[in-house]
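Asks: This is the structure, below, for whatever I ask next.
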Amino acid sequence: MEKVRVRYAPSPTGLLHIGNARTALFNYLYAKHNNGDFVIRIEDTDVLRNVEGGEESQLRYLSWLGINPDESPNQGGKYGPYRQLQRLDIYSKYADDLLSRGLAYKEYRDDSEHFAIRFKVPKDKTFTFKDMVRGELRFESKDVEDWIIVKDNGIPTYNFAVVIDDHMMEISHVLRGEEHITNTPKQIMIYEAFEWIPPTFGHMTLIVNEHGKKLSKRDGNVMQFISQYEELGYLPNAMFNFISLLGWSSPTNEEILEPNQIIELFNDDRLSKAPSFFDQDKLRFINSKHLKKMDLEEITLFCKKFLTKANIKIKSESWLRDLVSVLRDRLTYGAEIIKLYEEFFHEDFFISDEAYQFIVENDCLNTIKALKEELIKTVFESQLIEEAIKNVGLSANVKGKLLFMPARIATTGDMHGPSLPIQLSLLGKDLVLKRINETIIRMENKQ
């Protein structure tokens, strides 16, 4: 097999978004699975649409995702330069060659010396290529008019420059979105004009939203930019994992995978022919699973920056560690720790119907009253609270589920959860006793 060389070639006309990240990731996975090279090339010839910071966003957030190139504008390589505006003399040379052989012609602007160059489309010719995703595709030359390869300002058009760059950089495979299918016959024309062998093309299916519509940068229901996910506290490995499943499926049917596992498993045979649904619930689920892989110290440090940014007072490092240990199982992204913190310390107290039914049916009122009396005289440290709950068991003559369940329900409203003594120490004596009183009043009034 020839050396696999693939490229991701964005225009710096915007920030890195989901669609571009998927294109970059699938090229990266294909290269790394086949011990090949992953090249980043910047297609910056659309000068009017280039935005400040566009290239920086592309490179920074690809790096954040763990998609690191073997060659790029920043690190260079033997096939550079890697920005198209630095390659204009190369395109000019090849355009002149086509003109000299009668395969292209000049088209002058009215009353001007400026001219564009059009490629002369061969007549009555069928262009075919085998797509990695869709199989054999065919196009007729009669459906394509003579097209501009160099604009009258001397800047090459996309379909001309991309062929020259891919050939000179020895790109073996081109994986890109299906919107590029109609560009392929024009590109094949240029390959044939220079008697070059085209790369193997593969066109990935659309990413669609919950309504089955193509994911658009103007779709307000879905966050589009990778920077937004970093800011909210999604993990790079989780984003890598989720994006890899937008048009590819693991042969093991596992969904929670690390980057090295995905690289090992990646095979173009498993690229989907159906549109890929951007499932936001699935993304949160995958991110929550990756968060759970972090040890307590790591996830505490991760959450601290979001709490600090929200101006939430951190009483001590041990207090923060306890807080995160209590809330971590409900966490789906980093910034959510703020909402969970606010819900945890909220004055309004709610007991679910199922939980309330349990303490009524099991006649837990006396146990809850005993808990109140014991906690009134307890210093609110987790170890002392744990001893107090055990004392309640002795005084009320209950144990196991009939001790710990009513204690949890009367103080947190939940039937299950993490360490109750730690939860209560975080809530504080005043709030805990207030909740117990509310529970007792409700039970006594049979509400």
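Order determines the names: the first chain of the structure tokens is A, the second B, and so forth; residues in each chain are numbered 1 upward, and ligands are numbered 1 upward as they are shown.
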Enumerate as a VMD selection string all residues of stretch 66-246 of chain A assigned to strand (DSSP E or B) by DSSP on the backbone, naming them with the chain letters and numbers the document uses.
Replies: chain A and resid 71 to 72 76 83 104 to 108 115 to 119 126 to 131 135 to 140 147 to 150 156 173 to 177 200 to 204 207 to 208 214 225
Asks: Let me see the file: selected residues, C-alpha atoms, as a tab-separated table (two decimals), in the first residue's frame.
Replies:
```tsv
chain	number	residue	atom	x	y	z
A	71	GLU	CA	2.95	19.11	8.75
A	72	SER	CA	1.30	22.53	9.01
A	76	GLY	CA	6.45	23.43	8.29
A	83	ARG	CA	-0.72	28.64	2.97
A	104	ALA	CA	-7.45	26.72	-21.11
A	105	TYR	CA	-8.10	30.20	-22.51
A	106	LYS	CA	-8.12	33.82	-21.41
A	107	GLU	CA	-11.38	35.66	-20.90
A	108	TYR	CA	-10.87	39.44	-20.82
A	115	PHE	CA	-8.44	38.51	-17.74
A	116	ALA	CA	-9.62	35.38	-16.05
A	117	ILE	CA	-8.53	31.95	-17.24
A	118	ARG	CA	-11.13	29.32	-18.07
A	119	PHE	CA	-10.52	25.60	-18.34
A	126	THR	CA	-17.66	10.54	-18.77
A	127	PHE	CA	-15.77	11.02	-15.55
A	128	THR	CA	-15.94	8.20	-12.99
A	129	PHE	CA	-14.36	7.68	-9.63
A	130	LYS	CA	-14.78	5.18	-6.81
A	131	ASP	CA	-15.85	6.94	-3.64
A	135	GLY	CA	-18.99	3.46	-4.36
A	136	GLU	CA	-18.68	4.38	-8.06
A	137	LEU	CA	-19.91	7.84	-9.10
A	138	ARG	CA	-20.25	9.09	-12.69
A	139	PHE	CA	-20.46	12.56	-14.23
A	140	GLU	CA	-20.88	13.70	-17.83
A	147	TRP	CA	-15.02	27.03	-15.65
A	148	ILE	CA	-12.66	29.65	-14.26
A	149	ILE	CA	-9.40	28.33	-12.86
A	150	VAL	CA	-7.77	31.72	-12.24
A	156	PRO	CA	-6.70	30.69	-8.41
A	173	HIS	CA	-6.72	10.16	0.12
A	174	VAL	CA	-9.21	13.02	0.36
A	175	LEU	CA	-11.95	12.63	2.98
A	176	ARG	CA	-14.40	15.52	2.96
A	177	GLY	CA	-18.08	16.46	3.23
A	200	THR	CA	-8.85	8.30	-3.56
A	201	PHE	CA	-11.91	10.39	-2.70
A	202	GLY	CA	-14.36	9.79	0.12
A	203	HIS	CA	-17.38	11.98	0.79
A	204	MET	CA	-18.86	11.86	4.28
A	207	ILE	CA	-24.52	16.08	9.94
A	208	VAL	CA	-28.18	16.84	10.67
A	214	LYS	CA	-28.33	19.97	7.68
A	225	PHE	CA	-18.00	26.07	17.68
```
Asks: Name all residues at most 10 Å from A:Trp64 (count only C-alpha atoms; drop same-chain ones fewer than 3 positions away) and give them as a list of chain:residue names.
Replies: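 Near A:Trp64, the qualifying residues are A:Leu59, A:Arg60, A:Tyr61, A:Ile67, A:Asn68, A:Ile226, A:Ser227, A:Glu230, A:Leu235, A:Pro236, A:Asn237, A:Met239, A:Phe240.
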Asks: Include C-alpha atoms and write out the residues we just selected as an mmCIF file, in the first residue's frame.
Replies:
```cif
data_model
loop_
_atom_site.group_PDB
_atom_site.id
_atom_site.type_symbol
_atom_site.label_atom_id
_atom_site.label_comp_id
_atom_site.auth_asym_id
_atom_site.auth_seq_id
_atom_site.Cartn_x
_atom_site.Cartn_y
_atom_site.Cartn_z
ATOM 1 C CA LEU A 59 -5.058 25.310 14.792
ATOM 2 C CA ARG A 60 -5.629 25.956 18.502
ATOM 3 C CA TYR A 61 -8.832 23.965 18.830
ATOM 4 C CA ILE A 67 -5.745 16.355 16.446
ATOM 5 C CA ASN A 68 -2.094 17.178 15.899
ATOM 6 C CA ILE A 226 -15.463 23.904 19.486
ATOM 7 C CA SER A 227 -14.433 26.921 21.593
ATOM 8 C CA GLU A 230 -14.215 24.039 25.865
ATOM 9 C CA LEU A 235 -13.475 17.328 27.827
ATOM 10 C CA PRO A 236 -11.288 17.096 24.693
ATOM 11 C CA ASN A 237 -11.332 13.281 24.788
ATOM 12 C CA MET A 239 -15.477 15.630 22.088
ATOM 13 C CA PHE A 240 -12.987 13.478 20.132
#
```
Asks: For the alpha helix (DSSP H) assignment from backbone DSSP, which residues of stretch 73-150 of chain A qualify? Please present them as a list in words.
Replies: Leu88, Asp89, Ile90, Tyr91, Ser92, Lys93, Tyr94, Ala95, Asp96, Asp97, Leu98, Leu99 and Ser100 of chain A
Asks: Can you work out which one of A:Ala335, A:Leu307, A:Val121, A:Ala31 has the shortest atom-to-atom distance to A:Asp146, counting only C-alpha atoms?
Replies: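 Checking each of A:Ala335, A:Leu307, A:Val121, A:Ala31 against A:Asp146, counting only C-alpha atoms, the winner is A:Val121.
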Asks: I'd like the contact shell of A:Lys282 - 12 Å cut-off, only C-alpha atoms, skipping same-chain residues fewer than 3 positions apart - returned as a PyMOL selection string.
Replies: chain A and resi 238-239+241-243+245-246+255-256+277-279+285-289+332
